[in-house]
file coords37.tsv (TSV, C-alpha atoms)
chain	number	residue	atom	x	y	z
Y	1	MET	CA	122.57	117.60	120.56
Y	2	THR	CA	120.81	120.97	120.50
Y	3	ARG	CA	118.28	121.71	123.24
Y	4	THR	CA	115.71	124.46	123.42
Y	5	ALA	CA	113.65	124.52	126.60
Y	6	PRO	CA	110.56	126.42	127.75
Y	7	SER	CA	111.10	129.34	130.05
Y	8	THR	CA	108.89	128.01	132.86
Y	9	SER	CA	109.39	125.02	135.14
Y	10	ALA	CA	107.06	122.05	134.53
Y	11	ARG	CA	108.34	119.51	137.05
Y	12	THR	CA	104.97	118.77	138.64
Y	13	ARG	CA	103.02	118.31	135.43
Y	14	ARG	CA	102.45	115.13	133.46
Y	15	THR	CA	105.24	114.58	130.97
Y	16	ALA	CA	105.08	113.65	127.29
Y	17	LEU	CA	107.80	112.82	124.80
Y	18	ILE	CA	107.04	113.29	121.11
Y	19	SER	CA	109.43	111.85	118.55
Y	20	GLY	CA	109.38	114.00	115.43
Y	21	ALA	CA	109.24	117.77	114.85
Y	22	GLY	CA	107.58	117.77	111.46
Y	23	ILE	CA	103.84	118.48	111.39
Y	24	ALA	CA	102.08	115.99	113.67
Y	25	GLY	CA	104.68	116.42	116.43
Y	26	PRO	CA	104.49	120.20	116.95
Y	27	ALA	CA	100.71	120.16	116.49
Y	28	LEU	CA	100.35	117.55	119.23
Y	29	ALA	CA	102.86	119.42	121.39
Y	30	PHE	CA	100.79	122.60	121.09
Y	31	TRP	CA	97.60	120.94	122.31
Y	32	LEU	CA	99.23	118.81	125.01
Y	33	ASN	CA	100.92	121.89	126.45
Y	34	ARG	CA	97.56	123.59	126.66
Y	35	ARG	CA	96.15	120.51	128.39
Y	36	GLY	CA	98.71	120.84	131.15
Y	37	TYR	CA	101.47	118.52	129.94
Y	38	ALA	CA	105.18	119.27	130.11
Y	39	VAL	CA	106.18	118.35	126.55
Y	40	THR	CA	109.53	117.37	125.07
Y	41	VAL	CA	109.98	116.96	121.32
Y	42	VAL	CA	112.99	115.02	120.05
Y	43	GLU	CA	114.05	115.42	116.42
Y	44	LYS	CA	116.96	113.79	114.61
Y	45	ALA	CA	117.46	116.82	112.34
Y	46	GLY	CA	119.42	119.80	113.61
Y	47	ALA	CA	116.53	122.27	113.27
Y	48	PRO	CA	112.96	122.45	112.00
Y	49	ARG	CA	113.09	121.32	108.40
Y	50	ALA	CA	112.59	123.98	105.76
Y	51	GLY	CA	111.57	123.49	102.14
Y	52	GLY	CA	109.66	120.52	100.87
Y	53	TYR	CA	106.80	120.07	98.44
Y	54	PRO	CA	103.65	122.18	99.05
Y	55	VAL	CA	101.07	120.53	101.31
Y	56	ASP	CA	97.31	120.86	101.74
Y	57	VAL	CA	95.33	121.85	104.81
Y	58	ARG	CA	91.73	120.88	104.10
Y	59	GLY	CA	88.36	120.39	105.68
Y	60	THR	CA	88.47	119.63	109.41
Y	61	ALA	CA	92.18	120.52	109.58
Y	62	VAL	CA	91.41	124.15	108.70
Y	63	GLU	CA	89.44	124.39	111.93
Y	64	VAL	CA	92.40	122.91	113.84
Y	65	VAL	CA	94.79	125.62	112.63
Y	66	ARG	CA	92.14	128.26	113.29
Y	67	ARG	CA	91.91	127.13	116.92
Y	68	MET	CA	95.70	127.20	117.12
Y	69	GLY	CA	95.69	130.85	116.05
Y	70	ILE	CA	97.92	130.29	112.99
Y	71	LEU	CA	95.24	130.42	110.29
Y	72	PRO	CA	95.94	134.09	109.35
Y	73	ARG	CA	99.65	133.31	108.92
Y	74	LEU	CA	98.84	130.31	106.73
Y	75	ARG	CA	96.37	132.29	104.64
Y	76	ASP	CA	99.15	134.81	103.98
Y	77	ALA	CA	101.37	131.89	102.89
Y	78	HIS	CA	98.67	130.29	100.69
Y	79	VAL	CA	100.21	129.21	97.40
Y	80	ASP	CA	97.10	129.94	95.31
Y	81	SER	CA	97.80	127.65	92.37
Y	82	ARG	CA	95.64	128.91	89.52
Y	83	ARG	CA	95.98	126.32	86.81
Y	84	LEU	CA	96.66	122.59	86.44
Y	85	THR	CA	97.48	121.58	82.88
Y	86	PHE	CA	97.64	117.97	81.72
Y	87	LEU	CA	99.74	117.00	78.72
Y	88	ASP	CA	99.86	113.94	76.51
Y	89	ALA	CA	102.93	111.94	75.51
Y	90	ASP	CA	103.90	114.52	72.85
Y	91	GLY	CA	103.45	117.49	75.16
Y	92	GLY	CA	100.08	118.50	73.72
Y	93	GLU	CA	97.42	119.87	76.05
Y	94	VAL	CA	94.76	117.45	77.24
Y	95	ALA	CA	92.96	119.75	79.68
Y	96	SER	CA	93.60	122.87	81.74
Y	97	LEU	CA	91.51	123.40	84.84
Y	98	SER	CA	91.38	124.63	88.42
Y	99	PRO	CA	93.46	122.54	90.82
Y	100	HIS	CA	90.44	122.50	93.17
Y	101	SER	CA	88.48	120.54	90.56
Y	102	VAL	CA	91.00	117.71	90.70
Y	103	ALA	CA	91.92	117.75	94.40
Y	104	GLY	CA	88.38	118.05	95.70
Y	105	SER	CA	89.39	121.00	97.87
Y	106	ALA	CA	87.10	123.94	98.58
Y	107	ALA	CA	88.21	127.17	96.93
Y	108	GLY	CA	88.41	130.06	99.39
Y	109	ARG	CA	88.45	127.76	102.42
Y	110	ASP	CA	91.09	125.06	102.06
Y	111	LEU	CA	94.78	125.94	101.98
Y	112	GLU	CA	97.93	124.93	100.16
Y	113	VAL	CA	101.22	126.13	101.62
Y	114	ARG	CA	104.88	125.35	101.31
Y	115	ARG	CA	105.68	122.64	103.80
Y	116	GLY	CA	108.37	124.80	105.35
Y	117	ASP	CA	105.89	127.62	105.92
Y	118	LEU	CA	103.63	125.26	107.85
Y	119	THR	CA	106.43	123.78	109.96
Y	120	ASP	CA	107.71	127.30	110.72
Y	121	ALA	CA	104.24	128.37	111.88
Y	122	LEU	CA	103.83	125.29	114.06
Y	123	HIS	CA	107.27	125.63	115.61
Y	124	ALA	CA	106.73	129.33	116.32
Y	125	ALA	CA	103.47	128.47	118.10
Y	126	VAL	CA	105.17	126.08	120.57
Y	127	ARG	CA	108.86	126.93	120.84
Y	128	ASP	CA	108.48	129.08	123.96
Y	129	ASP	CA	106.42	126.48	125.83
Y	130	VAL	CA	107.91	123.15	124.75
Y	131	GLU	CA	111.37	121.61	125.10
Y	132	PHE	CA	113.01	120.66	121.80
Y	133	LEU	CA	115.92	118.21	121.56
Y	134	PHE	CA	117.43	118.52	118.10
Y	135	ASP	CA	120.17	116.29	116.68
Y	136	ASP	CA	118.88	113.39	118.75
Y	137	SER	CA	116.42	110.50	118.61
Y	138	VAL	CA	114.96	107.67	120.65
Y	139	ASP	CA	117.21	104.64	121.03
Y	140	THR	CA	115.11	102.36	123.28
Y	141	LEU	CA	111.76	102.39	125.04
Y	142	ASP	CA	110.87	100.37	128.12
Y	143	GLN	CA	107.41	100.61	129.66
Y	144	GLY	CA	107.15	100.22	133.41
Y	145	PRO	CA	104.46	100.60	136.09
Y	146	HIS	CA	104.86	104.37	136.32
Y	147	GLY	CA	105.93	105.51	132.88
Y	148	VAL	CA	108.08	104.89	129.83
Y	149	ASP	CA	111.86	104.81	130.29
Y	150	VAL	CA	113.49	106.34	127.22
Y	151	ALA	CA	117.16	106.09	126.28
Y	152	PHE	CA	118.34	108.67	123.73
Y	153	ARG	CA	120.91	107.99	121.06
Y	154	GLY	CA	122.75	111.13	122.10
Y	155	GLY	CA	123.16	109.71	125.59
Y	156	GLY	CA	121.20	109.74	128.80
Y	157	GLY	CA	117.64	108.76	129.53
Y	158	ARG	CA	114.43	110.00	131.10
Y	159	THR	CA	111.03	108.70	132.10
Y	160	PHE	CA	107.80	110.06	130.60
Y	161	ASP	CA	104.13	109.50	131.34
Y	162	VAL	CA	103.39	109.06	127.62
Y	163	VAL	CA	105.52	108.68	124.49
Y	164	VAL	CA	104.18	109.42	121.01
Y	165	GLY	CA	105.75	108.60	117.68
Y	166	ALA	CA	105.16	111.41	115.19
Y	167	ASP	CA	108.16	110.36	113.14
Y	168	GLY	CA	106.65	109.69	109.74
Y	169	MET	CA	105.79	106.71	107.61
Y	170	HIS	CA	109.10	105.01	108.39
Y	171	SER	CA	108.60	105.51	112.13
Y	172	ARG	CA	111.32	104.30	114.50
Y	173	THR	CA	108.87	104.54	117.41
Y	174	ARG	CA	106.37	102.28	115.67
Y	175	GLU	CA	109.08	99.74	114.91
Y	176	LEU	CA	110.27	99.67	118.53
Y	177	VAL	CA	106.82	99.04	119.99
Y	178	PHE	CA	104.66	97.47	117.26
Y	179	GLY	CA	107.14	95.72	114.99
Y	180	PRO	CA	108.55	96.07	111.46
Y	181	GLU	CA	107.05	98.51	108.98
Y	182	GLU	CA	106.21	95.68	106.57
Y	183	ARG	CA	103.42	94.54	108.92
Y	184	PHE	CA	101.53	97.79	108.41
Y	185	ARG	CA	102.59	99.17	105.03
Y	186	ARG	CA	100.15	98.85	102.16
Y	187	TYR	CA	102.13	99.40	98.97
Y	188	LEU	CA	100.03	101.17	96.31
Y	189	GLY	CA	102.07	100.23	93.25
Y	190	TYR	CA	104.07	103.41	92.58
Y	191	CYS	CA	107.39	105.04	93.39
Y	192	PHE	CA	108.09	108.76	93.22
Y	193	ALA	CA	110.88	111.33	93.30
Y	194	VAL	CA	110.66	115.01	94.23
Y	195	PHE	CA	113.33	117.70	94.04
Y	196	THR	CA	113.78	121.32	92.99
Y	197	MET	CA	115.31	122.60	89.75
Y	198	PRO	CA	115.69	125.95	87.96
Y	199	ASN	CA	112.47	127.44	86.60
Y	200	THR	CA	113.47	127.87	82.98
Y	201	PHE	CA	109.91	127.22	81.81
Y	202	GLY	CA	108.22	130.54	82.56
Y	203	LEU	CA	105.80	128.86	84.98
Y	204	ALA	CA	104.09	130.75	87.83
Y	205	HIS	CA	101.32	129.69	90.23
Y	206	GLU	CA	100.64	126.56	88.20
Y	207	ILE	CA	101.27	122.87	87.74
Y	208	THR	CA	101.98	121.14	84.44
Y	209	MET	CA	101.74	117.35	84.33
Y	210	TRP	CA	102.80	115.00	81.55
Y	211	ASN	CA	101.53	111.41	81.45
Y	212	THR	CA	102.07	108.19	79.60
Y	213	PRO	CA	100.82	104.83	80.90
Y	214	GLY	CA	102.55	104.11	84.19
Y	215	ARG	CA	104.61	107.33	84.20
Y	216	ALA	CA	103.96	110.92	85.20
Y	217	ALA	CA	106.18	114.00	85.35
Y	218	ALA	CA	105.13	117.34	86.78
Y	219	LEU	CA	106.56	120.80	87.22
Y	220	TYR	CA	105.05	122.86	90.01
Y	221	ALA	CA	105.71	126.60	90.30
Y	222	VAL	CA	104.29	127.84	93.58
Y	223	ALA	CA	104.93	131.50	92.73
Y	224	ASP	CA	107.08	133.62	90.41
Y	225	ASP	CA	110.14	131.87	91.80
Y	226	ASP	CA	113.32	130.98	89.99
Y	227	VAL	CA	112.88	127.33	91.02
Y	228	VAL	CA	110.15	124.78	90.46
Y	229	HIS	CA	109.30	121.59	92.28
Y	230	ALA	CA	109.87	118.59	90.04
Y	231	PHE	CA	107.88	115.41	90.52
Y	232	LEU	CA	108.36	112.03	88.86
Y	233	ASN	CA	105.99	109.14	89.55
Y	234	PHE	CA	106.11	105.66	88.05
Y	235	ALA	CA	104.31	102.37	88.46
Y	236	ARG	CA	106.21	99.36	89.77
Y	237	PRO	CA	104.64	96.02	90.76
Y	238	GLU	CA	106.86	95.53	93.82
Y	239	PRO	CA	108.61	98.08	96.02
Y	240	PRO	CA	112.33	98.45	95.17
Y	241	ARG	CA	113.59	97.76	98.69
Y	242	ALA	CA	117.25	97.46	97.79
Y	243	ALA	CA	117.42	100.82	95.99
Y	244	LEU	CA	115.65	103.05	98.48
Y	245	GLY	CA	118.47	103.28	100.99
Y	246	HIS	CA	121.19	104.38	98.56
Y	247	PRO	CA	121.16	107.78	96.77
Y	248	ASP	CA	123.00	106.57	93.66
Y	249	ALA	CA	120.69	103.56	93.38
Y	250	GLN	CA	117.68	105.86	93.76
Y	251	ARG	CA	118.85	108.04	90.89
Y	252	ASP	CA	119.49	104.99	88.72
Y	253	LEU	CA	116.03	103.61	89.55
Y	254	VAL	CA	114.27	106.80	88.48
Y	255	ALA	CA	116.41	107.31	85.39
Y	256	SER	CA	115.73	103.75	84.28
Y	257	ALA	CA	111.98	104.15	84.76
Y	258	PHE	CA	111.92	107.28	82.58
Y	259	ALA	CA	114.35	106.17	79.90
Y	260	GLY	CA	113.16	107.38	76.48
Y	261	ALA	CA	110.50	109.70	77.92
Y	262	GLY	CA	109.66	112.89	76.06
Y	263	TRP	CA	108.51	116.41	76.93
Y	264	GLU	CA	110.82	118.03	79.55
Y	265	VAL	CA	111.68	114.73	81.22
Y	266	PRO	CA	115.29	114.46	79.93
Y	267	GLY	CA	116.05	117.86	81.48
Y	268	MET	CA	114.35	116.83	84.70
Y	269	LEU	CA	116.50	113.71	84.88
Y	270	ALA	CA	119.63	115.78	84.32
Y	271	ALA	CA	118.59	118.10	87.17
Y	272	LEU	CA	117.79	115.11	89.38
Y	273	GLY	CA	121.39	113.93	89.02
Y	274	GLY	CA	122.69	117.03	90.78
Y	275	ALA	CA	119.79	117.77	93.14
Y	276	ASP	CA	120.76	118.15	96.79
Y	277	ASP	CA	117.16	117.88	98.01
Y	278	LEU	CA	116.16	114.70	96.19
Y	279	PHE	CA	113.61	112.54	98.00
Y	280	VAL	CA	112.66	109.12	96.62
Y	281	ASP	CA	110.14	106.77	98.22
Y	282	VAL	CA	107.31	104.35	97.58
Y	283	VAL	CA	103.67	105.39	97.47
Y	284	ALA	CA	102.09	103.56	100.38
Y	285	GLN	CA	99.69	103.74	103.28
Y	286	ILE	CA	100.18	102.73	106.89
Y	287	ARG	CA	97.24	100.71	108.22
Y	288	MET	CA	97.46	99.58	111.84
Y	289	PRO	CA	94.88	97.61	113.84
Y	290	ARG	CA	95.62	99.81	116.87
Y	291	TRP	CA	97.55	103.03	117.40
Y	292	SER	CA	98.67	102.58	120.97
Y	293	SER	CA	100.24	99.99	123.25
Y	294	GLY	CA	100.21	100.88	126.92
Y	295	ARG	CA	101.63	104.38	127.26
Y	296	VAL	CA	103.11	104.55	123.75
Y	297	ALA	CA	101.14	105.71	120.72
Y	298	VAL	CA	101.63	106.91	117.15
Y	299	VAL	CA	100.05	109.82	115.31
Y	300	GLY	CA	100.07	111.24	111.78
Y	301	ASP	CA	101.93	109.32	109.07
Y	302	ALA	CA	103.49	107.03	111.69
Y	303	ALA	CA	100.00	105.72	112.48
Y	304	TYR	CA	97.97	106.22	109.31
Y	305	ALA	CA	99.87	107.66	106.37
Y	306	PRO	CA	97.22	107.95	103.64
Y	307	SER	CA	99.75	108.58	100.79
Y	308	PHE	CA	100.03	111.73	98.68
Y	309	LEU	CA	97.37	110.26	96.36
Y	310	THR	CA	94.76	111.44	98.87
Y	311	GLY	CA	96.36	114.81	99.59
Y	312	GLN	CA	95.30	114.34	103.21
Y	313	GLY	CA	98.48	113.39	105.04
Y	314	THR	CA	99.02	116.85	106.53
Y	315	SER	CA	95.37	117.27	107.45
Y	316	LEU	CA	95.20	113.90	109.21
Y	317	ALA	CA	98.34	114.78	111.16
Y	318	LEU	CA	96.86	118.09	112.36
Y	319	VAL	CA	93.52	116.54	113.29
Y	320	GLY	CA	95.17	113.54	114.97
Y	321	GLY	CA	97.28	115.77	117.20
Y	322	TYR	CA	94.22	117.73	118.30
Y	323	MET	CA	92.18	114.62	118.99
Y	324	MET	CA	94.92	112.84	120.94
Y	325	ALA	CA	95.63	115.78	123.23
Y	326	GLY	CA	91.96	116.37	123.95
Y	327	SER	CA	91.37	112.69	124.64
Y	328	LEU	CA	94.26	112.55	127.11
Y	329	ASP	CA	93.09	115.58	129.06
Y	330	GLY	CA	92.29	114.49	132.63
Y	331	ARG	CA	92.27	110.78	131.81
Y	332	ALA	CA	94.59	107.92	132.59
Y	333	VAL	CA	97.01	107.67	129.66
Y	334	VAL	CA	95.84	104.26	128.45
Y	335	ASP	CA	92.19	105.29	128.59
Y	336	GLY	CA	92.88	108.58	126.83
Y	337	LEU	CA	94.80	106.90	124.01
Y	338	ALA	CA	91.95	104.44	123.50
Y	339	ASP	CA	89.50	107.33	123.35
Y	340	TYR	CA	91.71	109.10	120.78
Y	341	GLU	CA	91.46	106.08	118.53
Y	342	ARG	CA	87.71	105.68	118.96
Y	343	GLY	CA	87.12	109.31	118.09
Y	344	THR	CA	89.49	109.51	115.13
Y	345	ARG	CA	89.59	106.17	113.32
Y	346	ALA	CA	86.45	106.60	111.21
Y	347	PHE	CA	87.76	109.94	109.90
Y	348	VAL	CA	91.14	108.41	109.07
Y	349	THR	CA	89.56	105.41	107.33
Y	350	ALA	CA	87.26	107.61	105.23
Y	351	ASN	CA	90.26	109.54	103.94
Y	352	GLN	CA	92.50	106.52	103.38
Y	353	ASP	CA	89.66	104.82	101.49
Y	354	GLN	CA	89.65	107.57	98.88
Y	355	ILE	CA	92.24	105.47	97.09
Y	356	GLY	CA	89.72	102.67	96.70
Y	357	ALA	CA	87.27	105.19	95.24
Y	358	GLY	CA	89.66	106.16	92.45
Y	359	GLY	CA	92.20	108.29	94.25
Y	360	ALA	CA	95.01	106.94	92.05
Y	361	SER	CA	93.16	107.71	88.81
Y	362	LEU	CA	95.50	110.60	87.96
Y	363	PHE	CA	98.27	108.08	87.30
Y	364	PRO	CA	96.84	105.42	84.96
Y	365	THR	CA	98.97	102.39	84.20
Y	366	THR	CA	97.37	101.38	80.87
Y	367	ALA	CA	96.60	103.25	77.65
Y	368	ARG	CA	92.88	102.57	78.02
Y	369	ALA	CA	92.82	103.88	81.58
Y	370	LEU	CA	94.72	106.96	80.45
Y	371	GLU	CA	92.12	107.64	77.77
Y	372	ARG	CA	89.34	107.37	80.36
Y	373	ARG	CA	91.18	109.71	82.71
Y	374	ASN	CA	91.70	112.28	79.95
Y	375	ALA	CA	88.01	112.17	79.09
Y	376	MET	CA	87.18	112.72	82.77
Y	377	LEU	CA	89.54	115.71	82.92
Y	378	ARG	CA	87.94	117.31	79.86
Y	379	GLY	CA	84.59	116.94	81.56
Y	380	LEU	CA	85.88	118.53	84.76
Y	381	ALA	CA	87.12	121.52	82.77
Y	382	THR	CA	83.51	122.43	81.95
Y	383	MET	CA	82.17	121.99	85.50
Y	384	PRO	CA	82.02	124.59	88.32
Y	385	PRO	CA	84.76	124.48	91.00
Y	386	ALA	CA	84.51	121.74	93.61
Y	387	SER	CA	83.04	122.48	97.02
Y	388	GLY	CA	85.24	119.95	98.82
Y	389	ARG	CA	85.18	116.18	99.25
Y	390	PRO	CA	82.99	114.89	102.08
Y	391	ALA	CA	85.87	112.83	103.52
Y	392	HIS	CA	87.93	115.97	104.14
Y	393	SER	CA	85.31	117.31	106.58
Y	394	ALA	CA	83.91	114.02	107.86
Y	395	LEU	CA	84.88	114.81	111.46
Y	396	VAL	CA	83.38	117.72	113.38
Y	397	LEU	CA	85.99	118.74	115.93
Y	398	PRO	CA	84.76	118.27	119.49
Y	399	GLU	CA	85.15	121.06	122.02
Y	400	PHE	CA	87.11	119.16	124.64
Y	401	THR	CA	86.32	120.30	128.18
Y	402	ALA	CA	88.80	119.87	130.98
Y	403	VAL	CA	87.99	117.19	133.57
Y	404	GLU	CA	89.58	116.32	136.89
Y	405	PRO	CA	92.76	114.25	136.52
Y	406	VAL	CA	92.34	110.51	136.92
Y	407	ALA	CA	94.78	108.47	138.96
Y	408	GLU	CA	96.96	106.34	136.75
Y	409	SER	CA	96.64	102.57	136.94
Y	410	PRO	CA	99.98	100.77	137.09
Y	411	GLN	CA	100.85	99.41	133.66
Y	412	PRO	CA	102.64	96.14	133.03
Y	413	SER	CA	106.25	96.34	131.99
Y	414	SER	CA	107.12	95.48	128.44
Y	415	PRO	CA	110.44	93.99	127.38
Y	416	ARG	CA	113.11	96.36	126.09
Y	417	ARG	CA	113.45	95.98	122.34

call {"tool": "encode", "arguments": {"input": "coords37.tsv", "output": "structure tokens"}}
result
Amino acid sequence: MTRTAPSTSARTRRTALISGAGIAGPALAFWLNRRGYAVTVVEKAGAPRAGGYPVDVRGTAVEVVRRMGILPRLRDAHVDSRRLTFLDADGGEVASLSPHSVAGSAAGRDLEVRRGDLTDALHAAVRDDVEFLFDDSVDTLDQGPHGVDVAFRGGGGRTFDVVVGADGMHSRTRELVFGPEERFRRYLGYCFAVFTMPNTFGLAHEITMWNTPGRAAALYAVADDDVVHAFLNFARPEPPRAALGHPDAQRDLVASAFAGAGWEVPGMLAALGGADDLFVDVVAQIRMPRWSSGRVAVVGDAAYAPSFLTGQGTSLALVGGYMMAGSLDGRAVVDGLADYERGTRAFVTANQDQIGAGGASLFPTTARALERRNAMLRGLATMPPASGRPAHSALVLPEFTAVEPVAESPQPSSPRR
């Protein structure tokens, strides 16, 4: 287990454990530290994770990173995709337009950055003030009258005033406290694979997407790099539970779904076979009736993954971390967590509900729906750039003001799971 600890002692402060050092975890750690908490982040990986598909920072989330002081760094890292080209089954062009027109992002304001660039910026903002436990994870949680007793898989245990799961859609924290993922996962009817492969296509600052009914393949060049991000998405009535846990079965699943496909797909499948960064998963949302139980809560994808179809997963994670920390400031933990949910749920719901308003329309499953989508894209190509979707900015960030600490009420113990 690798530990990195802050340089100053924090023994008399309230303590918080955050499980997950991706995006929501470090963002929450930043704000909790500034609200007076002594924060520990535990992460099963050996270091902050580099790489990954580019992510969006939109609307309200842009204000969060501005208040964190990392907006200039992220603007320098902005991908600046200039063209999104859609192709038909034979590889012919359907439409070529600004990515902002499709995503509903605001040109000149919203950001797209490599995921690793964002995680690096977040980690740099907190690493000197927050304790990180890498190569470790939470084994058990047990809530008592004065805190949450945590046992770590790497050995040992500690007690924290509050524990937060920021450990993604397949959250271990959520499972320990709220129950199996199946209770909260809303499957959206697709599976996807992402990986990198050599850029032998001459692509730069652009995305090219091929579609047939129920299948999509995309190549995404974030710069003049010698690699591109490959993306394969396919419709499937039921989630392939048995295949997702086994790399060879994942590869077979994707290859079977794209058998006989044209364009550059055969080469993509060949590259997938040898990719060392392959990630395969279902397209789904997490919808929970409540985000906290006693002194344990979830944030980001662990609480309300909206799916990549909305493009808002990163933004919700950043906003959620800000709102939770501000709501906890000076309040009893249980009261603060309830306030976090009251202040954030409407924003989360508005963004998750974009799927119901046609958020999956880029991936039609029938020939007729594909024709309608292509007609829509041709229309977008003649329209001015988008000014941003209302859902992305539906929450105006409050300016949380510090209040006097509130004495904690003893909380009932919960059984160890």

call {"tool": "atom_distance", "arguments": {"input": "coords37.tsv", "atom1": "atom CA of Y:Leu17", "atom2": "atom CA of Y:Phe160"}}
result
6.4 Å

call {"tool": "closest_residue", "arguments": {"input": "coords37.tsv", "among": "Y:Leu309, Y:Val298, Y:Thr212, Y:Arg49", "to": "Y:Leu176", "atoms": "all atoms listed in the file"}}
result
Y:Val298

call {"tool": "residues_around", "arguments": {"input": "coords37.tsv", "residues": "stretch 252-266 of chain Y", "least_positions_apart": "2", "cutoff": "8 Å", "atoms": "only C-alpha atoms", "output": "compact mmCIF listing (two decimals) with C-alpha atoms, keeping the file's coordinate frame"}}
result
# COMPACT_ATOMS: atom_id res chain seq x y z
CA ALA Y 89 102.93 111.94 75.51
CA ASP Y 90 103.90 114.52 72.85
CA GLY Y 91 103.45 117.49 75.16
CA ALA Y 193 110.88 111.33 93.30
CA TRP Y 210 102.80 115.00 81.55
CA ARG Y 215 104.61 107.33 84.20
CA ALA Y 217 106.18 114.00 85.35
CA LEU Y 232 108.36 112.03 88.86
CA PHE Y 234 106.11 105.66 88.05
CA ALA Y 243 117.42 100.82 95.99
CA ASP Y 248 123.00 106.57 93.66
CA ALA Y 249 120.69 103.56 93.38
CA GLN Y 250 117.68 105.86 93.76
CA MET Y 268 114.35 116.83 84.70
CA LEU Y 269 116.50 113.71 84.88
CA ALA Y 270 119.63 115.78 84.32

call {"tool": "atom_distance", "arguments": {"input": "coords37.tsv", "atom1": "atom CA of Y:Ala61", "atom2": "atom CA of Y:Phe279"}}
result
25.6 Å

call {"tool": "atom_distance", "arguments": {"input": "coords37.tsv", "atom1": "atom CA of Y:Thr15", "atom2": "atom CA of Y:Ala47"}}
result
22.4 Å

call {"tool": "closest_residue", "arguments": {"input": "coords37.tsv", "among": "Y:Glu182, Y:Met324, Y:Thr382, Y:Asn374", "to": "Y:Arg287", "atoms": "only C-alpha atoms"}}
result
Y:Glu182

call {"tool": "closest_residue", "arguments": {"input": "coords37.tsv", "among": "Y:Phe201, Y:Phe347, Y:Phe30, Y:Tyr190", "to": "Y:Thr365", "atoms": "only C-alpha atoms"}}
result
Y:Tyr190

call {"tool": "residues_near_point", "arguments": {"input": "coords37.tsv", "point": "(93.8, 103.4, 123.3)", "cutoff": "9 Å", "atoms": "all atoms listed in the file", "output": "PyMOL selection string"}}
result
chain Y and resi 290-295+297+333-342

call {"tool": "closest_residue", "arguments": {"input": "coords37.tsv", "among": "Y:Ala45, Y:Leu111, Y:Leu203, Y:Val396", "to": "Y:Asp76", "atoms": "only C-alpha atoms"}}
result
Y:Leu111

call {"tool": "closest_residue", "arguments": {"input": "coords37.tsv", "among": "Y:Arg186, Y:Arg58, Y:Arg67, Y:Arg109", "to": "Y:Ser315", "atoms": "all atoms listed in the file"}}
result
Y:Arg58

call {"tool": "closest_residue", "arguments": {"input": "coords37.tsv", "among": "Y:Arg34, Y:Arg172, Y:His229, Y:Arg83", "to": "Y:Asp129", "atoms": "only C-alpha atoms"}}
result
Y:Arg34

call {"tool": "residues_around", "arguments": {"input": "coords37.tsv", "residues": "Y:Ala360", "least_positions_apart": "4", "cutoff": "10 Å", "atoms": "only C-alpha atoms", "output": "ChimeraX atom specification"}}
result
/Y:188-190,308-310,354-356,364-365

call {"tool": "residues_near_point", "arguments": {"input": "coords37.tsv", "point": "(101.1, 104.5, 105.9)", "cutoff": "8 Å", "atoms": "all atoms listed in the file", "output": "count of residues only"}}
result
15

call {"tool": "axis_aligned_box", "arguments": {"input": "coords37.tsv", "around": "stretch 165-179 of chain Y", "padding_each_side": "8 Å", "output": "lines of an AutoDock Vina configuration file"}}
result
center_x = 108.0
center_y = 103.6
center_z = 113.8
size_x = 22.7
size_y = 31.7
size_z = 28.4

call {"tool": "decode", "arguments": {"input": "coords37.tsv", "residues": "stretch 288-296 of chain Y", "atoms": "N, CA and C atoms", "output": "PDB file, in the first residue's frame"}}
result
ATOM      1  N   MET Y 288     -30.736   6.369  -7.597  1.00  0.00           N
ATOM      2  CA  MET Y 288     -30.938   5.973  -6.206  1.00  0.00           C
ATOM      3  C   MET Y 288     -31.995   6.859  -5.553  1.00  0.00           C
ATOM      4  N   PRO Y 289     -32.844   6.279  -4.695  1.00  0.00           N
ATOM      5  CA  PRO Y 289     -33.832   7.106  -4.000  1.00  0.00           C
ATOM      6  C   PRO Y 289     -33.214   8.018  -2.959  1.00  0.00           C
ATOM      7  N   ARG Y 290     -32.040   7.670  -2.454  1.00  0.00           N
ATOM      8  CA  ARG Y 290     -31.320   8.541  -1.518  1.00  0.00           C
ATOM      9  C   ARG Y 290     -29.837   8.259  -1.673  1.00  0.00           C
ATOM     10  N   TRP Y 291     -29.033   9.279  -1.377  1.00  0.00           N
ATOM     11  CA  TRP Y 291     -27.589   9.195  -1.599  1.00  0.00           C
ATOM     12  C   TRP Y 291     -26.797   9.062  -0.314  1.00  0.00           C
ATOM     13  N   SER Y 292     -27.467   8.963   0.810  1.00  0.00           N
ATOM     14  CA  SER Y 292     -26.744   8.799   2.061  1.00  0.00           C
ATOM     15  C   SER Y 292     -27.525   7.904   3.002  1.00  0.00           C
ATOM     16  N   SER Y 293     -26.792   7.287   3.911  1.00  0.00           N
ATOM     17  CA  SER Y 293     -27.372   6.481   4.983  1.00  0.00           C
ATOM     18  C   SER Y 293     -26.511   6.715   6.211  1.00  0.00           C
ATOM     19  N   GLY Y 294     -27.060   7.443   7.177  1.00  0.00           N
ATOM     20  CA  GLY Y 294     -26.257   7.804   8.333  1.00  0.00           C
ATOM     21  C   GLY Y 294     -25.096   8.678   7.930  1.00  0.00           C
ATOM     22  N   ARG Y 295     -23.890   8.228   8.245  1.00  0.00           N
ATOM     23  CA  ARG Y 295     -22.674   8.984   7.968  1.00  0.00           C
ATOM     24  C   ARG Y 295     -21.986   8.548   6.681  1.00  0.00           C
ATOM     25  N   VAL Y 296     -22.619   7.733   5.877  1.00  0.00           N
ATOM     26  CA  VAL Y 296     -22.021   7.248   4.631  1.00  0.00           C
ATOM     27  C   VAL Y 296     -22.840   7.776   3.460  1.00  0.00           C
TER      28      VAL Y 296
END
